[in-house]
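Novice: Next up, coords_20.cif (mmCIF, C-alpha atoms).
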```
data_protein
#
loop_
_atom_site.label_atom_id
_atom_site.label_comp_id
_atom_site.auth_asym_id
_atom_site.auth_seq_id
_atom_site.Cartn_x
_atom_site.Cartn_y
_atom_site.Cartn_z
CA MET A 436 46.98 48.51 35.87
CA THR A 437 50.68 48.78 35.13
CA ILE A 438 52.29 46.58 32.52
CA TRP A 439 56.01 45.97 32.75
CA PHE A 440 58.00 46.29 29.52
CA ALA A 441 61.25 44.35 29.41
CA THR A 442 63.55 46.94 27.88
CA GLY A 443 66.25 49.34 28.96
CA ASN A 444 65.39 51.64 26.06
CA LEU A 445 63.33 54.71 27.03
CA HIS A 446 62.64 55.43 23.37
CA LYS A 447 60.99 52.02 22.98
CA ARG A 448 58.94 52.69 26.12
CA GLU A 449 57.58 55.92 24.63
CA GLU A 450 56.80 54.15 21.38
CA LEU A 451 54.88 51.35 23.13
CA ALA A 452 53.03 53.82 25.37
CA ALA A 453 51.87 55.63 22.21
CA ILE A 454 50.71 52.34 20.67
CA LEU A 455 48.95 51.09 23.85
CA LYS A 456 47.20 54.39 24.47
CA GLY A 457 46.18 54.91 28.06
CA ARG A 458 48.10 52.01 29.60
CA ARG A 459 50.76 52.62 32.21
CA ILE A 460 54.00 51.12 30.97
CA GLN A 461 56.89 50.73 33.39
CA ILE A 462 60.43 49.62 32.53
CA PRO A 463 62.82 47.87 34.93
CA SER A 464 65.10 50.88 35.49
CA GLN A 465 62.07 52.89 36.67
CA GLY A 466 61.42 50.26 39.33
CA GLY A 467 65.07 50.04 40.35
CA ILE A 468 65.23 46.51 38.95
CA PRO A 469 68.50 45.34 37.41
CA PHE A 470 67.73 43.92 33.97
CA GLU A 471 70.49 42.40 31.86
CA PRO A 472 69.07 39.28 30.24
CA GLU A 473 71.37 37.05 28.23
CA GLU A 474 69.87 37.01 24.77
CA THR A 475 70.98 33.51 23.86
CA GLY A 476 68.02 32.63 21.62
CA ALA A 477 68.34 31.70 17.96
CA THR A 478 65.26 33.67 16.87
CA PHE A 479 63.50 36.96 17.64
CA LEU A 480 60.77 34.92 19.33
CA GLU A 481 63.18 33.05 21.60
CA ASN A 482 64.94 36.25 22.65
CA ALA A 483 61.65 38.03 23.36
CA LEU A 484 60.52 35.11 25.53
CA ILE A 485 63.85 35.08 27.39
CA LYS A 486 63.56 38.81 28.19
CA ALA A 487 59.91 38.44 29.26
CA ARG A 488 60.65 35.51 31.58
CA VAL A 489 63.70 37.17 33.18
CA LEU A 490 61.63 40.22 34.09
CA TYR A 491 58.52 38.21 35.03
CA ARG A 492 60.53 36.30 37.63
CA ARG A 493 61.50 39.63 39.22
CA VAL A 494 58.08 41.33 39.19
CA LEU A 495 55.60 38.39 39.13
CA ALA A 496 53.22 40.56 37.13
CA PRO A 497 52.27 40.80 33.43
CA VAL A 498 55.23 41.62 31.21
CA ILE A 499 55.61 42.70 27.59
CA ALA A 500 58.91 42.08 25.80
CA ASP A 501 60.00 42.42 22.22
CA ASP A 502 62.91 41.58 20.02
CA SER A 503 63.30 43.20 16.65
CA GLY A 504 65.75 43.61 13.86
CA LEU A 505 66.42 43.97 10.16
CA CYS A 506 66.60 40.92 7.89
CA VAL A 507 68.25 41.43 4.52
CA ASP A 508 67.55 38.73 1.92
CA ALA A 509 70.86 39.18 0.06
CA LEU A 510 72.64 38.54 3.37
CA GLY A 511 70.64 35.37 4.13
CA GLY A 512 68.58 37.20 6.73
CA ARG A 513 71.46 38.98 8.45
CA PRO A 514 71.87 41.00 10.63
CA GLY A 515 68.61 39.56 12.07
CA ILE A 516 68.79 38.96 15.81
CA PHE A 517 72.24 40.54 15.80
CA SER A 518 70.96 43.85 14.40
CA ALA A 519 71.90 45.87 17.49
CA ARG A 520 75.36 44.33 17.64
CA TYR A 521 76.05 44.32 13.90
CA GLY A 522 79.66 45.16 13.09
CA SER A 523 80.71 45.21 16.74
CA GLU A 524 83.98 43.64 17.80
CA GLY A 525 84.76 42.81 21.40
CA THR A 526 83.80 45.79 23.54
CA LYS A 527 83.86 48.20 20.60
CA SER A 528 80.37 48.71 19.26
CA LEU A 529 79.16 50.82 16.35
CA ASP A 530 76.56 53.56 16.58
CA ALA A 531 73.50 53.47 14.37
CA GLY A 532 75.04 55.65 11.65
CA GLU A 533 78.14 53.46 11.48
CA ARG A 534 76.03 50.28 11.29
CA ASN A 535 73.97 51.72 8.45
CA ALA A 536 77.11 52.75 6.54
CA LEU A 537 78.59 49.28 7.01
CA LEU A 538 75.42 47.62 5.71
CA LEU A 539 75.30 49.88 2.65
CA ARG A 540 78.92 48.96 1.90
CA GLU A 541 78.10 45.25 2.22
CA LEU A 542 75.31 45.65 -0.32
CA GLU A 543 77.18 48.00 -2.63
CA PHE A 544 77.46 45.61 -5.56
CA THR A 545 74.11 43.85 -5.45
CA SER A 546 70.77 44.88 -6.93
CA HIS A 547 68.99 42.36 -4.70
CA ARG A 548 67.73 44.89 -2.10
CA SER A 549 64.67 43.29 -0.46
CA ALA A 550 64.65 43.40 3.34
CA ARG A 551 62.23 43.64 6.24
CA PHE A 552 61.99 44.77 9.81
CA VAL A 553 60.75 41.94 12.03
CA CYS A 554 59.36 42.31 15.54
CA ALA A 555 58.40 39.48 17.89
CA MET A 556 56.39 40.82 20.83
CA VAL A 557 55.40 38.73 23.84
CA LEU A 558 52.78 39.34 26.51
CA LEU A 559 53.57 36.99 29.39
CA LEU A 560 50.77 36.70 31.95
CA HIS A 561 52.21 33.77 33.84
CA GLU A 562 55.07 31.28 33.44
CA ASP A 563 52.92 29.08 31.15
CA ARG A 564 50.44 31.60 29.72
CA PHE A 565 51.54 33.96 27.00
CA PHE A 566 50.77 35.55 23.67
CA VAL A 567 53.19 36.26 20.86
CA VAL A 568 52.82 38.32 17.72
CA GLN A 569 55.49 38.47 15.07
CA GLU A 570 54.98 41.16 12.45
CA THR A 571 57.04 42.56 9.60
CA LEU A 572 57.54 45.74 7.63
CA GLU A 573 58.68 44.96 4.09
CA GLY A 574 60.96 47.27 2.15
CA GLU A 575 64.21 47.65 0.22
CA ILE A 576 67.65 48.76 1.33
CA ILE A 577 68.22 52.17 -0.20
CA ARG A 578 71.61 53.27 -1.68
CA GLU A 579 72.07 56.26 0.66
CA SER A 580 70.61 56.99 4.12
CA ARG A 581 67.61 59.33 4.12
CA GLY A 582 65.56 60.95 6.87
CA SER A 583 66.10 61.85 10.50
CA GLY A 584 63.07 60.34 12.26
CA GLY A 585 62.90 57.02 14.09
CA PHE A 586 66.08 55.23 15.08
CA GLY A 587 68.33 52.31 14.18
CA TYR A 588 68.07 51.17 10.58
CA ASP A 589 65.08 53.43 9.79
CA PRO A 590 67.07 55.70 7.41
CA ILE A 591 68.08 52.84 5.09
CA LEU A 592 64.81 50.88 4.72
CA TYR A 593 62.91 52.32 1.76
CA LEU A 594 59.17 51.68 1.46
CA PRO A 595 58.16 51.59 -2.24
CA ASP A 596 54.46 52.10 -1.40
CA LYS A 597 55.25 55.27 0.55
CA GLY A 598 58.05 56.57 -1.64
CA CYS A 599 60.27 57.27 1.38
CA THR A 600 62.39 55.60 4.04
CA VAL A 601 61.04 54.69 7.47
CA ALA A 602 63.03 57.59 8.92
CA GLU A 603 61.12 59.99 6.66
CA LEU A 604 57.72 58.95 8.03
CA LYS A 605 55.92 60.97 10.70
CA GLU A 606 55.92 59.13 14.01
CA GLU A 607 52.19 58.45 13.87
CA GLU A 608 52.41 57.06 10.35
CA LYS A 609 55.41 54.93 11.31
CA ASN A 610 53.53 53.43 14.29
CA ARG A 611 50.54 52.70 12.05
CA ILE A 612 52.45 50.54 9.59
CA SER A 613 55.59 49.41 11.42
CA HIS A 614 56.41 45.88 12.55
CA ARG A 615 56.38 47.02 16.20
CA GLY A 616 53.23 49.11 15.77
CA LYS A 617 51.26 46.25 14.24
CA ALA A 618 52.49 43.77 16.86
CA GLY A 619 51.78 46.20 19.71
CA ARG A 620 48.22 46.81 18.57
CA VAL A 621 47.44 43.10 18.52
CA ILE A 622 48.82 42.81 22.06
CA GLY A 623 46.66 45.82 22.99
CA GLU A 624 43.56 44.15 21.51
CA ILE A 625 44.29 40.96 23.42
CA LEU A 626 44.66 42.95 26.66
CA ALA A 627 41.41 44.82 25.98
CA SER A 628 39.27 41.87 24.97
CA MET A 629 40.08 39.57 27.85
CA PRO A 630 38.03 40.43 30.94
CA ASP A 631 40.10 38.19 33.19
CA ARG A 632 43.33 39.65 31.94
CA PRO A 633 45.15 42.79 33.06
CA MET B 1197 38.18 31.45 3.37
CA THR B 1198 39.65 28.11 4.32
CA ILE B 1199 42.19 27.83 7.12
CA TRP B 1200 44.49 24.84 7.14
CA PHE B 1201 44.92 23.05 10.46
CA ALA B 1202 48.17 21.11 10.87
CA THR B 1203 46.86 17.92 12.43
CA GLY B 1204 46.09 14.37 11.45
CA ASN B 1205 43.50 14.14 14.20
CA LEU B 1206 39.88 14.45 12.98
CA HIS B 1207 38.68 14.87 16.57
CA LYS B 1208 40.87 17.96 16.98
CA ARG B 1209 39.54 19.32 13.70
CA GLU B 1210 35.95 19.02 14.97
CA GLU B 1211 36.93 20.71 18.24
CA LEU B 1212 38.61 23.63 16.46
CA ALA B 1213 35.71 24.01 14.02
CA ALA B 1214 33.36 24.29 17.03
CA ILE B 1215 35.60 26.94 18.61
CA LEU B 1216 36.10 28.95 15.39
CA LYS B 1217 32.40 28.89 14.52
CA GLY B 1218 31.71 29.39 10.86
CA ARG B 1219 35.25 29.05 9.57
CA ARG B 1220 36.15 26.36 7.09
CA ILE B 1221 38.90 24.25 8.60
CA GLN B 1222 40.76 21.80 6.39
CA ILE B 1223 43.34 19.24 7.49
CA PRO B 1224 46.16 17.86 5.32
CA SER B 1225 44.62 14.41 4.81
CA GLN B 1226 41.50 16.07 3.36
CA GLY B 1227 43.67 17.80 0.77
CA GLY B 1228 45.67 14.66 -0.02
CA ILE B 1229 48.75 16.27 1.52
CA PRO B 1230 51.23 14.01 3.31
CA PHE B 1231 51.90 15.49 6.74
CA GLU B 1232 54.38 13.85 9.08
CA PRO B 1233 56.37 16.64 10.72
CA GLU B 1234 59.27 15.75 12.96
CA GLU B 1235 58.38 17.22 16.32
CA THR B 1236 61.92 17.94 17.41
CA GLY B 1237 61.16 21.02 19.50
CA ALA B 1238 61.90 21.33 23.22
CA THR B 1239 58.64 23.14 24.02
CA PHE B 1240 54.98 23.09 23.01
CA LEU B 1241 55.59 26.39 21.23
CA GLU B 1242 58.53 25.08 19.19
CA ASN B 1243 56.61 21.98 18.14
CA ALA B 1244 53.52 23.99 17.18
CA LEU B 1245 55.69 26.30 15.04
CA ILE B 1246 57.41 23.32 13.39
CA LYS B 1247 54.04 21.78 12.44
CA ALA B 1248 52.72 25.10 11.16
CA ARG B 1249 55.79 25.77 9.00
CA VAL B 1250 55.88 22.25 7.53
CA LEU B 1251 52.25 22.58 6.38
CA TYR B 1252 52.65 26.24 5.33
CA ARG B 1253 55.43 25.28 2.93
CA ARG B 1254 53.05 22.79 1.30
CA VAL B 1255 49.95 24.97 1.03
CA LEU B 1256 51.35 28.56 1.04
CA ALA B 1257 48.19 29.70 2.80
CA PRO B 1258 47.30 30.54 6.43
CA VAL B 1259 47.83 27.64 8.79
CA ILE B 1260 46.83 26.93 12.38
CA ALA B 1261 48.83 24.38 14.39
CA ASP B 1262 48.81 23.41 18.03
CA ASP B 1263 50.79 21.32 20.43
CA SER B 1264 49.32 20.33 23.75
CA GLY B 1265 49.96 18.08 26.69
CA LEU B 1266 49.71 17.46 30.39
CA CYS B 1267 52.33 18.85 32.78
CA VAL B 1268 52.46 17.27 36.25
CA ASP B 1269 54.34 19.26 38.90
CA ALA B 1270 55.39 16.22 40.94
CA LEU B 1271 57.02 14.84 37.77
CA GLY B 1272 58.89 18.06 37.01
CA GLY B 1273 56.47 18.92 34.21
CA ARG B 1274 56.36 15.47 32.60
CA PRO B 1275 54.94 14.07 30.40
CA GLY B 1276 54.76 17.56 28.81
CA ILE B 1277 55.62 17.56 25.11
CA PHE B 1278 55.86 13.76 25.28
CA SER B 1279 52.25 13.37 26.46
CA ALA B 1280 51.11 11.49 23.37
CA ARG B 1281 54.12 9.17 23.48
CA TYR B 1282 54.20 8.70 27.27
CA GLY B 1283 55.12 5.14 28.28
CA SER B 1284 55.80 4.08 24.69
CA GLU B 1285 58.82 1.92 23.92
CA GLY B 1286 60.16 1.49 20.41
CA THR B 1287 57.23 0.83 18.11
CA LYS B 1288 54.93 -0.29 20.95
CA SER B 1289 52.74 2.61 22.03
CA LEU B 1290 50.14 2.78 24.77
CA ASP B 1291 46.50 3.73 24.27
CA ALA B 1292 44.99 6.57 26.31
CA GLY B 1293 43.63 4.27 29.03
CA GLU B 1294 47.02 2.60 29.48
CA ARG B 1295 48.79 5.97 29.64
CA ASN B 1296 46.37 7.21 32.30
CA ALA B 1297 46.83 4.05 34.37
CA LEU B 1298 50.62 4.37 34.13
CA LEU B 1299 50.50 7.98 35.28
CA LEU B 1300 48.25 7.15 38.25
CA ARG B 1301 50.73 4.42 39.28
CA GLU B 1302 53.64 6.90 39.04
CA LEU B 1303 51.79 9.25 41.38
CA GLU B 1304 50.46 6.56 43.72
CA PHE B 1305 52.51 7.58 46.76
CA THR B 1306 52.47 11.35 46.47
CA SER B 1307 49.89 13.85 47.70
CA HIS B 1308 51.42 16.52 45.44
CA ARG B 1309 48.75 16.33 42.69
CA SER B 1310 48.81 19.72 40.92
CA ALA B 1311 48.95 19.57 37.11
CA ARG B 1312 47.79 21.45 34.06
CA PHE B 1313 46.92 20.99 30.44
CA VAL B 1314 48.95 23.34 28.25
CA CYS B 1315 48.17 24.27 24.65
CA ALA B 1316 50.36 26.36 22.35
CA MET B 1317 48.43 27.39 19.25
CA VAL B 1318 49.99 29.13 16.25
CA LEU B 1319 48.39 31.05 13.41
CA LEU B 1320 51.01 31.36 10.67
CA LEU B 1321 50.11 33.87 7.96
CA HIS B 1322 53.48 33.93 6.25
CA GLU B 1323 56.98 32.60 6.94
CA ASP B 1324 57.77 35.61 9.17
CA ARG B 1325 54.29 36.67 10.33
CA PHE B 1326 52.56 34.67 13.04
CA PHE B 1327 50.59 34.72 16.26
CA VAL B 1328 50.93 32.36 19.19
CA VAL B 1329 48.75 31.82 22.21
CA GLN B 1330 49.71 29.51 25.02
CA GLU B 1331 46.94 28.78 27.50
CA THR B 1332 46.49 26.40 30.42
CA LEU B 1333 43.79 24.52 32.29
CA GLU B 1334 44.81 24.03 35.92
CA GLY B 1335 43.71 21.00 37.94
CA GLU B 1336 44.81 18.03 40.04
CA ILE B 1337 45.54 14.43 39.10
CA ILE B 1338 42.68 12.36 40.55
CA ARG B 1339 43.24 8.93 42.18
CA GLU B 1340 40.97 7.01 39.77
CA SER B 1341 39.86 7.82 36.21
CA ARG B 1342 36.38 9.33 35.93
CA GLY B 1343 34.16 10.26 32.99
CA SER B 1344 33.87 9.24 29.36
CA GLY B 1345 33.87 12.54 27.46
CA GLY B 1346 36.82 14.21 25.78
CA PHE B 1347 39.97 12.23 25.05
CA GLY B 1348 43.55 11.65 26.19
CA TYR B 1349 44.20 12.57 29.81
CA ASP B 1350 40.75 14.16 30.33
CA PRO B 1351 39.53 11.43 32.74
CA ILE B 1352 42.37 11.97 35.23
CA LEU B 1353 42.53 15.79 35.46
CA TYR B 1354 40.18 16.89 38.24
CA LEU B 1355 38.97 20.50 38.33
CA PRO B 1356 38.34 21.56 41.96
CA ASP B 1357 36.19 24.55 40.86
CA LYS B 1358 33.91 22.27 38.84
CA GLY B 1359 33.92 19.27 41.16
CA CYS B 1360 34.57 16.89 38.27
CA THR B 1361 37.20 15.70 35.80
CA VAL B 1362 37.58 17.20 32.34
CA ALA B 1363 36.05 14.00 30.90
CA GLU B 1364 32.88 14.65 32.95
CA LEU B 1365 32.30 18.07 31.41
CA LYS B 1366 29.83 18.59 28.57
CA GLU B 1367 31.67 19.34 25.32
CA GLU B 1368 30.48 22.96 25.26
CA GLU B 1369 31.60 23.57 28.83
CA LYS B 1370 34.96 21.92 28.14
CA ASN B 1371 35.56 24.15 25.12
CA ARG B 1372 34.64 27.21 27.19
CA ILE B 1373 37.32 26.64 29.85
CA SER B 1374 39.89 24.37 28.26
CA HIS B 1375 43.44 25.28 27.31
CA ARG B 1376 42.67 24.62 23.63
CA GLY B 1377 39.31 26.41 23.79
CA LYS B 1378 40.82 29.56 25.29
CA ALA B 1379 43.73 29.55 22.86
CA GLY B 1380 41.45 28.91 19.89
CA ARG B 1381 39.15 31.80 20.76
CA VAL B 1382 42.06 34.25 20.91
CA ILE B 1383 43.18 33.04 17.48
CA GLY B 1384 39.57 33.48 16.30
CA GLU B 1385 39.49 37.05 17.64
CA ILE B 1386 42.75 37.84 15.91
CA LEU B 1387 41.37 36.45 12.64
CA ALA B 1388 38.16 38.44 13.05
CA SER B 1389 39.67 41.77 14.04
CA MET B 1390 42.29 42.06 11.31
CA PRO B 1391 40.75 43.36 8.08
CA ASP B 1392 43.84 42.52 6.05
CA ARG B 1393 44.00 39.01 7.43
CA PRO B 1394 42.20 35.88 6.29
#
```
Step by step, read the file and then write its structure as structure tokens.
Specialist:
Amino acid sequence: MTIWFATGNLHKREELAAILKGRRIQIPSQGGIPFEPEETGATFLENALIKARVLYRRVLAPVIADDSGLCVDALGGRPGIFSARYGSEGTKSLDAGERNALLLRELEFTSHRSARFVCAMVLLLHEDRFFVVQETLEGEIIRESRGSGGFGYDPILYLPDKGCTVAELKEEEKNRISHRGKAGRVIGEILASMPDRP
Amino acid sequence: MTIWFATGNLHKREELAAILKGRRIQIPSQGGIPFEPEETGATFLENALIKARVLYRRVLAPVIADDSGLCVDALGGRPGIFSARYGSEGTKSLDAGERNALLLRELEFTSHRSARFVCAMVLLLHEDRFFVVQETLEGEIIRESRGSGGFGYDPILYLPDKGCTVAELKEEEKNRISHRGKAGRVIGEILASMPDRP
């Protein structure tokens, strides 16, 4: 059975397909479905639920949606839900490298480096029936970008346990420990263990 | 390991202990902890998260919280999150029998009887790490209360598949199919399947 994934990001689709081994994952653009939800929520959870419901109303079938970002303690949790739009002004938006450089400049004079990736992932089976997992990956903002794997803020989140940044992990290792990997596996377990569920 | 359950309701504690067989469930009053969260959320999910966070900040240990209610389609989803306070004015609140009678009067002249119990249950492991399950029990509002089991609106929700109201089910059968039973078992599975979790 196909599960719809409420994203326009093919990279995220590949990542989820790898986490939910063997499940067919379809994204709106593959079904010719316009998908431009207004992410007006105040939290990752609210935005993930908004995306899931917008797509559910189009497909009337089980939907997975996520919302993720980087929360930096010295910035009071910023950029948080605005991670993808961080540093953007009007129609001018920054690319990932520019966002990372901006964040490093913001933190230049502080030794308070703790930060985490957060992912809220929703499996919506019906308007009133859903599951949510919110998971984290704890780390520290490094002084200079390192690594070429992953995407987004991966090159600037350093993992003391691993001795490297997220962008320096192999993809399999990243999926094993990442916020999105951990959340996705719980959703996969819920899908697998429920006989009446897709 | 003990799990805290964010409720003041001993009956709910017994129900959850039966669903999560073998786990030690403790409620705030048993630990001498004052617990009067302001349920200011707009949804079951928001209220469940509020309760979980309020207790988490007191105990700094894993917490389960739920918020449940009855949603009647002919009333646009009412009483919903106000189920426990339905019909109350100022400090005067109705007991369950009075609430049920009021609801039956509100629906006296409509044949549109579909309704459901909804339960949002949260397992909060840490400020940013949590799981949520929202489950439903679909039925119809009966014309006259029936049955003496359960509590709350159980005597007026009729289950066509079962040929009886929720209050006429044996406790074990109710826990097997109920909104709270289904949600609780998913939380139990999540607890059981995660080696690094409590």
Novice: Env of Ile1229 (chain B): 12 Å cut, atoms = all atoms listed in the file, seq-sep filter 2 positions within chain, self excluded. Answer as a list of chain:residue names.
Specialist: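 That gives B:Trp1200, B:Phe1201, B:Ala1202, B:Thr1203, B:Gly1204, B:Gln1222, B:Ile1223, B:Pro1224, B:Ser1225, B:Gln1226, B:Gly1227, B:Phe1231, B:Glu1232, B:Pro1233, B:Val1250, B:Leu1251, B:Tyr1252, B:Arg1253, B:Arg1254, B:Val1255.
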Novice: With only C-alpha atoms considered, list every residue of chain B at most 8 Å from chain A, as a list in words.
Specialist: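 Close enough to count are Val1314, Asp1324, Arg1325, Phe1326, Phe1327, Val1328, Val1329, Gln1330, Glu1331, Thr1332, Val1382 and Ile1386 of chain B.
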Novice: Using the chain letters and residue numbers of this document, give as a PDB file with C-alpha atoms, in the coordinates of the input the residues selected by the PyMOL selection byres ((chain A and resi 505-509) around 6).
Specialist:
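Result file is expr20.pdb:
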```pdb
ATOM      1  CA  GLY A 504      65.750  43.610  13.860  1.00  0.00           C
ATOM      2  CA  LEU A 510      72.640  38.540   3.370  1.00  0.00           C
ATOM      3  CA  GLY A 511      70.640  35.370   4.130  1.00  0.00           C
ATOM      4  CA  GLY A 512      68.580  37.200   6.730  1.00  0.00           C
ATOM      5  CA  ARG A 513      71.460  38.980   8.450  1.00  0.00           C
ATOM      6  CA  PRO A 514      71.870  41.000  10.630  1.00  0.00           C
ATOM      7  CA  GLY A 515      68.610  39.560  12.070  1.00  0.00           C
ATOM      8  CA  SER A 549      64.670  43.290  -0.460  1.00  0.00           C
ATOM      9  CA  ALA A 550      64.650  43.400   3.340  1.00  0.00           C
ATOM     10  CA  ARG A 551      62.230  43.640   6.240  1.00  0.00           C
ATOM     11  CA  PHE A 552      61.990  44.770   9.810  1.00  0.00           C
TER      12      PHE A 552
END
```
Novice: Measuring between all atoms listed in the file, which one of A:Gly574, A:Gly532, A:Gly616, A:Gly623 shows the shortest distance to Cys599 (chain A)?
Specialist: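 Closest to Cys599 (chain A), using all atoms listed in the file: A:Gly574.
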Novice: I'd like the contact shell of Leu1300 (chain B) - 8 Å cut-off, all atoms listed in the file, skipping same-chain residues fewer than 2 positions apart - returned as an NGL selection string.
Specialist: :B and (1296-1298 or 1302-1304 or 1337-1340)
Novice: Between CA of Asn1205 (chain B) and CA of Glu562 (chain A), what distance in Å does the model show, to one decimal?
Specialist: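 We find that CA of Asn1205 (chain B) and CA of Glu562 (chain A) lie 28.2 Å from each other.
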Novice: Could you list, as a PDB file with C-alpha atoms, keeping the file's coordinate frame, every residue matched by the PyMOL selection byres ((chain B and resi 1244) around 8) in this structure?
Specialist:
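The resulting file, expr.pdb, is reproduced below:
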```pdb
ATOM      1  CA  PHE B1240      54.980  23.090  23.010  1.00  0.00           C
ATOM      2  CA  LEU B1241      55.590  26.390  21.230  1.00  0.00           C
ATOM      3  CA  GLU B1242      58.530  25.080  19.190  1.00  0.00           C
ATOM      4  CA  ASN B1243      56.610  21.980  18.140  1.00  0.00           C
ATOM      5  CA  LEU B1245      55.690  26.300  15.040  1.00  0.00           C
ATOM      6  CA  ILE B1246      57.410  23.320  13.390  1.00  0.00           C
ATOM      7  CA  LYS B1247      54.040  21.780  12.440  1.00  0.00           C
ATOM      8  CA  ALA B1248      52.720  25.100  11.160  1.00  0.00           C
ATOM      9  CA  ALA B1261      48.830  24.380  14.390  1.00  0.00           C
ATOM     10  CA  ASP B1262      48.810  23.410  18.030  1.00  0.00           C
ATOM     11  CA  ASP B1263      50.790  21.320  20.430  1.00  0.00           C
ATOM     12  CA  ALA B1316      50.360  26.360  22.350  1.00  0.00           C
ATOM     13  CA  MET B1317      48.430  27.390  19.250  1.00  0.00           C
ATOM     14  CA  VAL B1318      49.990  29.130  16.250  1.00  0.00           C
TER      15      VAL B1318
END
```
Novice: Between CA of Leu1212 (chain B) and CA of Ala1292 (chain B), what is the spacing in Å?
Specialist: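 According to the coordinates, CA of Ala1292 (chain B) and CA of Leu1212 (chain B) are separated by 20.7 Å.
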Novice: For CA of Gly1380 (chain B) and CA of Tyr1282 (chain B), determine how far apart the two atoms are, in Å to one decimal place.
Specialist: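 Interatomic distance here is 25.0 Å.
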Novice: When the PyMOL selection byres ((chain A and resi 596) around 12) is applied to the structure above, which residues does it catch, written out as a PyMOL selection string?
Specialist: chain A and resi 572-575+593-595+597-601+612
Novice: Which is closest to Arg540 (chain A) among A:Pro497, A:Ala519, A:His446, A:Ile591, if we use all atoms listed in the file?
Specialist: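 Going through A:Pro497, A:Ala519, A:His446, A:Ile591 one by one, the smallest distance to Arg540 (chain A) is for A:Ile591.
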Novice: A:Gly582, A:Gly476, A:Gly587, A:Gly467: which is nearest Leu529 (chain A), counting only C-alpha atoms?
Specialist: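 Using only C-alpha atoms, the shortest distance to Leu529 (chain A) belongs to A:Gly587.
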